[in-house]
>>> print(open('query_19.tsv').read())   # TSV, C-alpha atoms
chain	number	residue	atom	x	y	z
A	72	MET	CA	-25.96	13.09	17.27
A	73	GLN	CA	-27.40	9.70	18.12
A	74	ASP	CA	-25.31	6.54	17.99
A	75	GLN	CA	-27.50	5.05	15.26
A	76	THR	CA	-26.43	7.75	12.79
A	77	HIS	CA	-22.92	6.25	12.53
A	78	TRP	CA	-22.18	3.79	9.71
A	79	ASN	CA	-19.58	1.17	8.81
A	80	ILE	CA	-19.77	0.88	5.02
A	81	LEU	CA	-17.97	-1.97	3.25
A	82	LEU	CA	-17.07	-1.02	-0.33
A	83	SER	CA	-16.24	-3.40	-3.16
A	84	ASP	CA	-13.26	-2.37	-5.29
A	85	GLN	CA	-15.74	-2.06	-8.18
A	86	VAL	CA	-17.45	0.93	-6.57
A	87	ASP	CA	-16.70	4.48	-7.79
A	88	LYS	CA	-15.78	5.66	-4.31
A	89	LYS	CA	-14.86	9.17	-5.44
A	90	THR	CA	-18.36	9.81	-6.84
A	91	PHE	CA	-19.99	8.26	-3.76
A	92	ILE	CA	-18.03	10.60	-1.48
A	93	GLU	CA	-18.75	13.63	-3.69
A	94	ASN	CA	-22.47	12.81	-3.55
A	95	LEU	CA	-22.35	12.72	0.23
A	96	LEU	CA	-20.43	15.98	0.59
A	97	SER	CA	-22.58	17.82	-1.97
A	98	GLY	CA	-25.84	16.89	-0.25
A	99	GLN	CA	-26.99	14.29	-2.80
A	100	ALA	CA	-26.89	11.23	-0.56
A	101	LYS	CA	-29.61	8.61	-0.87
A	102	THR	CA	-31.62	7.12	1.97
A	103	PRO	CA	-30.64	6.30	4.72
A	104	LEU	CA	-27.70	8.74	4.45
A	105	SER	CA	-30.03	11.45	3.12
A	106	ILE	CA	-30.30	12.72	6.71
A	107	LEU	CA	-26.83	14.20	6.09
A	108	ASN	CA	-28.01	16.32	3.15
A	109	GLY	CA	-27.74	20.00	4.04
A	110	LEU	CA	-25.21	19.32	6.78
A	111	LYS	CA	-21.51	20.17	6.68
A	112	GLY	CA	-19.19	17.23	6.05
A	113	ILE	CA	-15.46	16.77	5.63
A	114	LEU	CA	-13.32	13.94	4.23
A	115	PHE	CA	-10.55	12.24	6.20
A	116	SER	CA	-8.43	10.10	3.85
A	117	ASP	CA	-4.85	9.49	2.79
A	118	ILE	CA	-5.52	11.39	-0.44
A	119	ALA	CA	-6.94	14.35	1.51
A	120	ILE	CA	-3.82	14.33	3.70
A	121	GLN	CA	-1.53	14.27	0.63
A	122	LYS	CA	-3.43	17.19	-0.92
A	123	PHE	CA	-3.08	19.08	2.35
A	124	ILE	CA	0.68	18.41	2.37
A	125	ALA	CA	0.94	19.54	-1.28
A	126	ARG	CA	-0.88	22.78	-0.43
A	127	GLU	CA	1.48	23.49	2.45
A	128	GLU	CA	4.46	22.91	0.16
A	129	GLN	CA	3.02	25.03	-2.67
A	130	TYR	CA	2.41	28.03	-0.44
A	131	ASP	CA	5.27	27.31	2.00
A	132	SER	CA	2.80	27.53	4.86
A	133	VAL	CA	1.97	25.69	8.07
A	134	GLU	CA	-1.74	24.92	8.17
A	135	ALA	CA	-1.82	21.96	10.54
A	136	ALA	CA	-3.97	21.77	13.64
A	137	ASN	CA	-1.19	23.09	15.87
A	138	PRO	CA	0.56	25.84	13.85
A	139	GLU	CA	2.45	26.90	16.98
A	140	LEU	CA	4.57	23.78	16.48
A	141	ASN	CA	5.68	25.37	13.19
A	142	ARG	CA	5.91	21.94	11.59
A	143	LYS	CA	4.57	21.04	8.19
A	144	LEU	CA	2.44	17.94	8.07
A	145	ARG	CA	4.93	16.02	5.89
A	146	THR	CA	7.49	16.08	8.75
A	147	PHE	CA	5.28	13.88	10.95
A	148	SER	CA	5.12	10.07	10.89
A	149	SER	CA	2.06	8.42	9.31
A	150	GLY	CA	0.34	8.02	12.65
A	151	GLU	CA	1.11	11.60	13.71
A	152	GLN	CA	-0.06	12.93	10.33
A	153	LYS	CA	-3.44	11.29	10.83
A	154	LYS	CA	-3.72	12.64	14.37
A	155	GLU	CA	-2.85	16.19	13.25
A	156	PHE	CA	-5.14	16.07	10.22
A	157	LEU	CA	-8.02	14.77	12.34
A	158	GLN	CA	-7.65	17.77	14.62
A	159	TYR	CA	-7.58	20.04	11.55
A	160	CYS	CA	-10.85	18.45	10.37
A	161	LEU	CA	-12.46	18.99	13.78
A	162	ASN	CA	-11.36	22.63	13.75
A	163	GLN	CA	-13.56	23.09	10.66
A	164	GLN	CA	-16.55	22.23	12.91
A	165	PRO	CA	-18.24	19.74	10.56
A	166	ASP	CA	-21.49	17.94	11.34
A	167	TYR	CA	-20.06	14.66	10.10
A	168	ILE	CA	-16.71	13.20	8.99
A	169	ILE	CA	-16.23	10.60	6.27
A	170	PHE	CA	-13.32	8.33	7.22
A	171	ASP	CA	-11.94	6.59	4.12
A	172	ASN	CA	-9.86	3.55	5.20
A	173	PRO	CA	-8.46	5.49	8.19
A	174	PHE	CA	-6.31	2.56	9.39
A	175	ASP	CA	-4.30	2.15	6.17
A	176	HIS	CA	-0.51	2.42	6.64
A	177	LEU	CA	-0.76	2.33	10.44
A	178	ASP	CA	0.91	-0.12	12.80
A	179	GLN	CA	-1.15	-1.94	15.41
A	180	VAL	CA	-0.48	0.53	18.24
A	181	SER	CA	-1.41	3.52	16.05
A	182	ARG	CA	-4.57	1.69	14.91
A	183	THR	CA	-5.63	1.16	18.53
A	184	VAL	CA	-4.99	4.81	19.42
A	185	LEU	CA	-6.98	6.05	16.41
A	186	ALA	CA	-9.88	3.65	17.07
A	187	THR	CA	-10.08	4.92	20.68
A	188	SER	CA	-10.07	8.54	19.46
A	189	LEU	CA	-12.88	7.81	16.99
A	190	GLU	CA	-15.00	6.13	19.65
A	191	GLU	CA	-14.67	9.20	21.88
A	192	LEU	CA	-15.41	11.42	18.89
A	193	SER	CA	-18.60	9.50	18.11
A	194	ASN	CA	-20.25	11.06	21.16
A	195	SER	CA	-20.24	14.47	19.50
A	196	ILE	CA	-20.10	14.00	15.72
A	197	THR	CA	-21.47	11.62	13.09
A	198	ILE	CA	-18.94	9.14	11.72
A	199	ILE	CA	-19.25	7.50	8.31
A	200	GLN	CA	-16.47	4.96	7.88
A	201	LEU	CA	-15.69	3.57	4.41
A	202	VAL	CA	-13.56	0.40	4.41
A	203	ASN	CA	-12.64	-2.35	1.99
A	204	ARG	CA	-12.15	-5.11	4.57
A	205	LYS	CA	-14.52	-6.30	7.28
A	206	THR	CA	-11.66	-6.55	9.76
A	207	ASP	CA	-11.41	-2.72	9.72
A	208	PHE	CA	-14.97	-2.16	10.97
A	209	LEU	CA	-15.18	0.07	14.05
A	210	SER	CA	-16.61	-2.16	16.79
A	211	PHE	CA	-18.65	0.61	18.43
A	212	ILE	CA	-20.67	1.29	15.26
A	213	GLU	CA	-23.72	-0.97	15.02
A	214	ASN	CA	-24.92	0.03	11.55
A	215	LYS	CA	-23.11	-2.05	8.94
A	216	THR	CA	-23.80	-2.28	5.22
A	217	GLN	CA	-22.13	-3.18	1.95
A	218	ILE	CA	-22.09	-1.29	-1.36
A	219	ARG	CA	-21.31	-3.61	-4.25
A	220	ASP	CA	-21.75	-1.41	-7.34
A	221	ASN	CA	-22.34	2.14	-8.57
A	222	SER	CA	-26.03	2.09	-7.75
A	223	PHE	CA	-24.67	2.84	-4.25
A	224	ALA	CA	-27.47	0.67	-2.84
A	225	PHE	CA	-27.06	-0.61	0.71
A	226	ASN	CA	-26.89	-4.42	1.01
A	227	PRO	CA	-26.77	-6.66	4.07
A	228	ILE	CA	-23.39	-8.15	4.92
A	229	SER	CA	-23.05	-11.91	4.85
A	230	ASP	CA	-20.10	-14.26	5.09
A	231	GLN	CA	-21.39	-15.80	1.89
A	232	ASP	CA	-20.43	-12.60	0.05
A	233	ASN	CA	-16.79	-13.71	0.15
A	234	LYS	CA	-16.42	-15.13	-3.35
A	235	THR	CA	-12.69	-15.59	-3.54
A	236	LYS	CA	-11.24	-15.82	-7.01
A	237	LYS	CA	-9.16	-18.92	-7.57
A	238	ILE	CA	-6.03	-18.61	-9.68
A	239	THR	CA	-5.94	-21.67	-11.91
A	240	SER	CA	-3.43	-20.55	-14.57
A	241	ARG	CA	0.28	-21.07	-14.21
A	242	ILE	CA	2.68	-18.14	-13.89
A	243	PRO	CA	3.92	-17.18	-17.41
A	244	GLU	CA	7.60	-17.79	-18.10
A	245	PRO	CA	9.87	-14.71	-18.42
A	246	LEU	CA	10.75	-13.45	-21.89
A	247	ILE	CA	14.46	-13.34	-21.04
A	248	PRO	CA	15.43	-15.12	-17.79
A	249	PHE	CA	17.84	-13.30	-15.49
A	250	GLU	CA	21.08	-15.17	-14.94
A	251	ALA	CA	21.29	-16.23	-11.30
A	252	SER	CA	24.95	-15.34	-10.85
A	253	GLU	CA	24.63	-14.70	-7.11
A	254	ASN	CA	22.87	-16.71	-4.44
A	255	ILE	CA	23.04	-13.85	-1.92
A	256	LEU	CA	21.12	-10.81	-3.23
A	257	VAL	CA	21.34	-8.51	-0.21
A	258	LYS	CA	23.72	-8.60	2.72
A	259	MET	CA	23.79	-6.07	5.54
A	260	GLU	CA	26.63	-6.42	8.01
A	261	GLY	CA	26.04	-3.98	10.87
A	262	ILE	CA	24.28	-1.24	8.87
A	263	SER	CA	23.52	1.96	10.80
A	264	VAL	CA	21.85	5.12	9.50
A	265	HIS	CA	21.81	8.60	11.04
A	266	TYR	CA	19.94	11.71	9.94
A	267	ASN	CA	21.39	14.75	11.66
A	268	GLU	CA	21.58	13.71	15.31
A	269	GLN	CA	18.89	11.05	15.07
A	270	LYS	CA	19.81	7.41	14.59
A	271	ILE	CA	17.21	5.59	12.51
A	272	VAL	CA	18.55	2.03	12.46
A	273	ASP	CA	21.35	0.56	14.56
A	274	ARG	CA	23.66	-2.28	13.46
A	275	ILE	CA	21.32	-4.19	11.14
A	276	PHE	CA	22.44	-7.70	10.12
A	277	TRP	CA	20.28	-9.18	7.38
A	278	THR	CA	20.97	-11.58	4.51
A	279	ILE	CA	18.46	-12.16	1.70
A	280	LYS	CA	19.11	-15.13	-0.60
A	281	GLN	CA	17.78	-16.11	-4.03
A	282	GLY	CA	14.32	-17.69	-3.93
A	283	GLU	CA	13.49	-16.66	-0.35
A	284	PHE	CA	10.25	-15.01	0.74
A	285	TRP	CA	10.64	-12.36	3.45
A	286	GLN	CA	8.21	-10.08	5.22
A	287	LEU	CA	9.52	-6.80	6.65
A	288	ILE	CA	7.50	-5.44	9.56
A	289	GLY	CA	7.89	-2.73	12.18
A	290	PRO	CA	5.94	0.21	13.65
A	291	ASN	CA	5.57	3.51	11.83
A	292	GLY	CA	8.86	5.38	11.91
A	293	SER	CA	10.95	2.27	12.71
A	294	GLY	CA	13.07	2.52	9.55
A	295	LYS	CA	11.39	0.22	7.03
A	296	SER	CA	11.57	2.84	4.27
A	297	THR	CA	15.22	3.48	5.16
A	298	LEU	CA	16.12	-0.20	4.72
A	299	LEU	CA	14.20	-0.39	1.44
A	300	SER	CA	16.08	2.65	0.10
A	301	MET	CA	19.37	0.91	1.01
A	302	ILE	CA	18.31	-2.20	-0.92
A	303	THR	CA	17.24	-0.26	-4.02
A	304	GLY	CA	20.52	1.68	-4.03
A	305	ASP	CA	18.79	5.05	-3.60
A	306	ASN	CA	20.18	5.87	-0.16
A	307	PRO	CA	23.67	7.47	-0.15
A	308	LYS	CA	24.04	6.39	3.49
A	309	GLY	CA	24.94	2.95	2.13
A	310	TYR	CA	28.36	4.15	0.96
A	311	GLY	CA	31.23	3.17	3.22
A	312	GLN	CA	29.21	0.48	5.01
A	313	GLU	CA	29.16	-3.31	4.76
A	314	LEU	CA	26.25	-3.32	2.33
A	315	TYR	CA	26.35	-5.83	-0.53
A	316	LEU	CA	23.78	-5.75	-3.35
A	317	PHE	CA	23.73	-8.56	-5.93
A	318	GLY	CA	27.30	-9.57	-5.11
A	319	GLN	CA	28.86	-6.08	-5.13
A	320	LYS	CA	29.72	-3.86	-2.23
A	321	LYS	CA	27.86	-0.55	-2.32
A	322	GLY	CA	30.13	2.06	-3.88
A	323	SER	CA	32.39	-0.40	-5.74
A	324	GLY	CA	31.49	0.95	-9.17
A	325	GLU	CA	27.96	-0.32	-9.73
A	326	SER	CA	25.36	2.18	-10.97
A	327	VAL	CA	21.93	2.63	-9.43
A	328	TRP	CA	20.55	1.46	-12.79
A	329	ASP	CA	22.52	-1.80	-12.51
A	330	ILE	CA	20.77	-2.41	-9.19
A	331	LYS	CA	17.29	-1.28	-10.22
A	332	LYS	CA	17.08	-3.44	-13.33
A	333	LYS	CA	17.30	-6.48	-11.03
A	334	ILE	CA	14.43	-5.31	-8.82
A	335	GLY	CA	10.71	-5.18	-9.47
A	336	ILE	CA	8.99	-2.68	-7.17
A	337	PHE	CA	5.39	-2.08	-6.25
A	338	SER	CA	4.29	0.62	-3.80
A	339	THR	CA	0.88	2.16	-3.23
A	340	ALA	CA	2.26	5.59	-4.22
A	341	MET	CA	2.98	4.35	-7.75
A	342	THR	CA	-0.68	4.70	-8.74
A	343	GLU	CA	-0.27	8.47	-8.65
A	344	LEU	CA	2.58	8.34	-11.21
A	345	PHE	CA	0.43	7.01	-14.04
A	346	ARG	CA	-1.77	9.83	-15.29
A	347	ARG	CA	-1.69	9.21	-19.05
A	348	ASN	CA	-4.58	7.48	-20.77
A	349	GLN	CA	-2.82	4.16	-21.19
A	350	THR	CA	-4.81	0.95	-21.58
A	351	VAL	CA	-4.41	-1.93	-19.15
A	352	GLU	CA	-2.42	-3.83	-21.78
A	353	GLU	CA	-0.11	-0.84	-22.39
A	354	MET	CA	0.37	-0.34	-18.65
A	355	ILE	CA	1.61	-3.90	-18.13
A	356	LEU	CA	3.70	-3.79	-21.34
A	357	SER	CA	5.52	-0.70	-20.01
A	358	GLY	CA	7.03	-3.03	-17.39
A	359	PHE	CA	9.21	-4.55	-20.10
A	360	PHE	CA	10.82	-1.14	-20.64
A	361	ASP	CA	10.78	0.20	-17.04
A	362	SER	CA	9.01	3.32	-18.28
A	363	ILE	CA	6.11	5.33	-16.87
A	364	GLY	CA	3.93	4.83	-19.92
A	365	LEU	CA	4.50	2.92	-23.17
A	366	TYR	CA	6.65	4.69	-25.77
A	367	ILE	CA	8.20	1.72	-27.61
A	368	GLN	CA	6.34	-0.61	-29.96
A	369	PRO	CA	6.06	-3.96	-28.17
A	370	THR	CA	6.74	-7.28	-29.89
A	371	VAL	CA	4.12	-9.94	-30.58
A	372	LEU	CA	5.77	-12.16	-27.95
A	373	GLN	CA	5.63	-9.41	-25.31
A	374	LYS	CA	1.93	-8.96	-26.02
A	375	GLN	CA	1.41	-12.70	-25.73
A	376	ILE	CA	3.01	-12.76	-22.27
A	377	VAL	CA	0.78	-9.88	-21.13
A	378	LYS	CA	-2.24	-11.81	-22.44
A	379	GLN	CA	-1.19	-14.78	-20.31
A	380	TRP	CA	-0.82	-12.60	-17.22
A	381	LEU	CA	-4.29	-11.09	-17.71
A	382	GLU	CA	-5.66	-14.62	-17.80
A	383	VAL	CA	-3.89	-15.44	-14.52
A	384	ILE	CA	-5.50	-12.48	-12.71
A	385	GLU	CA	-8.83	-12.94	-14.55
A	386	MET	CA	-8.78	-9.47	-16.08
A	387	SER	CA	-8.64	-10.34	-19.79
A	388	SER	CA	-11.88	-8.39	-20.37
A	389	LEU	CA	-10.16	-5.20	-19.13
A	390	LYS	CA	-7.31	-5.39	-21.68
A	391	ASN	CA	-8.41	-2.32	-23.68
A	392	LYS	CA	-9.87	-0.35	-20.77
A	393	HIS	CA	-8.08	2.83	-19.71
A	394	PHE	CA	-5.97	2.12	-16.63
A	395	ASN	CA	-7.21	5.30	-14.91
A	396	SER	CA	-10.83	4.19	-15.31
A	397	LEU	CA	-10.27	1.06	-13.18
A	398	SER	CA	-11.05	0.76	-9.51
A	399	LEU	CA	-8.16	1.30	-7.11
A	400	GLY	CA	-8.05	-2.43	-6.37
A	401	GLN	CA	-7.83	-3.34	-10.05
A	402	GLN	CA	-5.07	-0.76	-10.57
A	403	ARG	CA	-3.06	-2.24	-7.69
A	404	VAL	CA	-3.25	-5.77	-9.09
A	405	ILE	CA	-2.21	-4.52	-12.56
A	406	LEU	CA	0.80	-2.65	-11.12
A	407	ILE	CA	1.90	-5.72	-9.15
A	408	VAL	CA	1.86	-7.75	-12.38
A	409	ARG	CA	3.85	-4.96	-14.06
A	410	ALA	CA	6.49	-5.25	-11.30
A	411	ILE	CA	6.92	-9.03	-11.68
A	412	LEU	CA	6.50	-9.22	-15.46
A	413	LYS	CA	10.21	-9.85	-16.18
A	414	HIS	CA	10.73	-12.22	-13.23
A	415	PRO	CA	13.36	-9.95	-11.63
A	416	PRO	CA	15.66	-11.61	-9.07
A	417	LEU	CA	14.18	-9.45	-6.29
A	418	VAL	CA	10.58	-8.26	-5.99
A	419	ILE	CA	9.68	-5.60	-3.41
A	420	LEU	CA	5.97	-5.38	-2.61
A	421	ASP	CA	5.44	-2.38	-0.32
A	422	GLU	CA	2.03	-2.69	1.38
A	423	PRO	CA	0.40	-4.25	-1.70
A	424	ILE	CA	-2.93	-5.03	-0.05
A	425	GLU	CA	-3.58	-1.61	1.51
A	426	GLY	CA	-6.92	-0.28	0.28
A	427	LEU	CA	-8.00	-3.53	-1.38
A	428	ASP	CA	-11.28	-5.29	-0.66
A	429	ASP	CA	-11.33	-8.81	0.79
A	430	GLU	CA	-11.73	-10.41	-2.64
A	431	ASN	CA	-8.70	-8.68	-4.16
A	432	VAL	CA	-6.66	-9.19	-0.98
A	433	ALA	CA	-7.26	-12.91	-1.43
A	434	LEU	CA	-6.26	-12.62	-5.11
A	435	VAL	CA	-3.01	-10.78	-4.36
A	436	ILE	CA	-2.05	-13.20	-1.57
A	437	GLN	CA	-2.74	-16.16	-3.87
A	438	LEU	CA	-0.56	-14.53	-6.52
A	439	ILE	CA	2.31	-13.96	-4.07
A	440	ASN	CA	2.14	-17.52	-2.76
A	441	LEU	CA	2.09	-18.79	-6.34
A	442	LEU	CA	5.19	-16.73	-7.18
A	443	GLN	CA	6.97	-18.39	-4.28
A	444	GLN	CA	5.93	-21.87	-5.40
A	445	GLU	CA	6.47	-21.61	-9.16
A	446	THR	CA	9.37	-19.16	-9.62
A	447	ASN	CA	12.83	-18.44	-8.26
A	448	MET	CA	12.05	-14.79	-7.58
A	449	THR	CA	13.00	-13.49	-4.15
A	450	ILE	CA	10.05	-11.72	-2.55
A	451	LEU	CA	10.30	-8.94	0.03
A	452	TYR	CA	6.81	-8.17	1.29
A	453	VAL	CA	6.36	-5.07	3.45
A	454	SER	CA	3.27	-4.75	5.63
A	455	HIS	CA	2.18	-3.96	9.18
A	456	SER	CA	-0.21	-6.89	9.29
A	457	ILE	CA	0.49	-10.62	9.43
A	458	GLU	CA	-1.87	-12.28	6.97
A	459	PRO	CA	-2.77	-15.83	8.08
A	460	THR	CA	-2.87	-17.15	4.48
A	461	LEU	CA	0.50	-15.67	3.52
A	462	ALA	CA	3.48	-17.91	4.16
A	463	PRO	CA	6.85	-16.10	4.14
A	464	ASN	CA	9.97	-18.14	4.92
A	465	ALA	CA	10.91	-15.63	7.59
A	466	ILE	CA	10.01	-12.22	9.01
A	467	PHE	CA	12.47	-9.39	9.66
A	468	GLU	CA	11.07	-7.24	12.45
A	469	LEU	CA	12.33	-3.76	13.32
A	470	THR	CA	11.99	-2.68	16.94
A	471	PRO	CA	12.37	1.06	17.69
A	472	ALA	CA	14.79	2.23	20.37
A	473	GLN	CA	16.24	5.57	21.44
A	474	SER	CA	19.56	4.55	19.91
A	475	GLY	CA	17.94	3.49	16.61
A	476	SER	CA	15.80	0.52	15.58
A	477	THR	CA	17.26	-2.96	15.86
A	478	GLY	CA	16.33	-5.90	13.65
A	479	LYS	CA	15.54	-9.50	14.46
A	480	VAL	CA	14.64	-12.54	12.32
A	481	LYS	CA	11.37	-14.19	13.34
A	482	PHE	CA	8.97	-16.68	11.79
A	483	HIS	CA	5.31	-16.67	10.81
A	484	SER	CA	4.48	-19.13	13.60
A	485	ASP	CA	5.75	-16.64	16.20
A	486	TYR	CA	2.68	-14.45	15.55
A	487	HIS	CA	0.01	-17.10	16.04
>>> encode(input="query_19.tsv", output="structure tokens")
Amino acid sequence: MQDQTHWNILLSDQVDKKTFIENLLSGQAKTPLSILNGLKGILFSDIAIQKFIAREEQYDSVEAANPELNRKLRTFSSGEQKKEFLQYCLNQQPDYIIFDNPFDHLDQVSRTVLATSLEELSNSITIIQLVNRKTDFLSFIENKTQIRDNSFAFNPISDQDNKTKKITSRIPEPLIPFEASENILVKMEGISVHYNEQKIVDRIFWTIKQGEFWQLIGPNGSGKSTLLSMITGDNPKGYGQELYLFGQKKGSGESVWDIKKKIGIFSTAMTELFRRNQTVEEMILSGFFDSIGLYIQPTVLQKQIVKQWLEVIEMSSLKNKHFNSLSLGQQRVILIVRAILKHPPLVILDEPIEGLDDENVALVIQLINLLQQETNMTILYVSHSIEPTLAPNAIFELTPAQSGSTGKVKFHSDYH
């Protein structure tokens, strides 16, 4: 294949990406991608990887690229999963591969390794990369275009296309304010976690206070998810350690529910939980009841608060739309609002901008900065990347080691 057959394609969050990909794979692509019609293609994406993992679990099989390892794909780290799945895709001997946001959920080292692999691969196979942010373009691919709507028409890319929404509304007040009985929300005094013989984190000291804005960073497999599960009360490894959550030592009689009702959580995996045909309004309202779906009749005041939030994120026109009919970016923004609706003392935002286009990234970052300025919520933002327009008070960085990851407090200025 010639170099000019490769494409970087920038997709707006408004685009029906699923249909666009299906058109490509079924041989219904429009010019200039019509040259792929009749050829064999395969999709490389996080969703494809999750479906692969689900199939292995359903049939209790090992189908990965190296079955002699006798390891299911779910047992690998995010970076290793992508490496193994890429080899699986190549083993199918396709003529082209569609890479859908291949760098999502990867640390910087893993991103560099994958980019190098793709450049080598481009000598023998056609690469179609779909991304939501210009910064994820593969530098060795000259063809660049933007798809803005479901006509799937190719448009030139210009810096003038960045029409950032500006949040002008104030953050709505909570219906029932939480009583700030404790200034220190989370305190870890030498926390260590083992799984079998492997030490994940080693002697972590970390204090999170009311109203602070933290970013948690670290390479894939460094223990970020482990620390989050300690904070949410889900990890039994917290028992017997110097772990204090909302003023109580872990295991001193508090219930997991007592902890969770003080935390608003967003993670990218949450989108998969909501399959019912709920409207956007109903989806946000369910945040008042901490339910997956709305089963209780909301009050007039609750509906009024949701109306105010929709005005803040400029999505009032989507109020009665089905949540599942929205673009992925729109769904993410709605779920973030759902997490912060009650102004919980602690908000955990786990990779909230993964998979969003530049416009919605700017919207989410504005929203987070506004939460810091106008509320007393404590924000814990988890991401591999340091966004220049995001301003956390401090950064807690995990550094892997053979004896378990260690943690260190740093500041935003240290990364510039």
>>> closest_residue(input="query_19.tsv", among="A:Phe482, A:Phe394, A:Phe91, A:Phe174", to="Asp220 (chain A)", atoms="only C-alpha atoms")
A:Phe91
>>> closest_residue(input="query_19.tsv", among="A:Ser210, A:Ser293, A:Ser148, A:Gln163", to="Thr477 (chain A)", atoms="only C-alpha atoms")
A:Ser293
>>> residues_around(input="query_19.tsv", residues="Leu287 (chain A)", least_positions_apart="3", cutoff="8 Å", atoms="all atoms listed in the file", output="VMD selection string")
chain A and resid 295 451 to 454 466 to 469
>>> atom_distance(input="query_19.tsv", atom1="CA of Phe284 (chain A)", atom2="CA of Gln443 (chain A)")
6.9 Å
>>> residues_around(input="query_19.tsv", residues="Leu372 (chain A)", least_positions_apart="6", cutoff="12 Å", atoms="only C-alpha atoms", output="list in words")
Pro243, Glu244, Pro245, Leu246, Ile247, Leu356, Phe359, Lys378 and Gln379 of chain A
>>> closest_residue(input="query_19.tsv", among="A:Lys143, A:Phe115, A:Leu298, A:Thr449", to="Glu128 (chain A)", atoms="only C-alpha atoms")
A:Lys143
>>> closest_atom_pairs(input="query_19.tsv", of="region 85-129 of chain A", to="region 177-197 of chain A", cutoff="12 Å", atoms="all atoms listed in the file", output="CSV")
residue,atom,partner,partner_atom,distance
A:Leu104,CA,A:Thr197,CA,11.0
A:Ile106,CA,A:Thr197,CA,10.9
A:Leu107,CA,A:Thr197,CA,9.2
A:Leu110,CA,A:Thr197,CA,10.6
A:Lys111,CA,A:Thr197,CA,10.7
A:Gly112,CA,A:Thr197,CA,9.3
A:Ile113,CA,A:Thr197,CA,10.9
A:Phe115,CA,A:Leu189,CA,11.9
A:Asp117,CA,A:Leu177,CA,11.2
>>> atom_distance(input="query_19.tsv", atom1="CA of Phe123 (chain A)", atom2="CA of Met301 (chain A)")
28.9 Å
>>> closest_residue(input="query_19.tsv", among="A:Asp166, A:Glu313, A:Glu151, A:Glu445", to="Arg274 (chain A)", atoms="only C-alpha atoms")
A:Glu313
>>> atom_distance(input="query_19.tsv", atom1="CA of Ser338 (chain A)", atom2="CA of Leu427 (chain A)")
13.2 Å
>>> closest_residue(input="query_19.tsv", among="A:Tyr130, A:Phe156, A:Phe223, A:Trp78", to="Ala100 (chain A)", atoms="only C-alpha atoms")
A:Phe223
>>> closest_residue(input="query_19.tsv", among="A:Leu389, A:Leu82, A:Leu442, A:Cys160", to="Asp207 (chain A)", atoms="only C-alpha atoms")
A:Leu82
>>> residues_around(input="query_19.tsv", residues="Ile355 (chain A)", least_positions_apart="5", cutoff="8 Å", atoms="all atoms listed in the file", output="PyMOL selection string")
chain A and resi 377+405-406+408-409+412
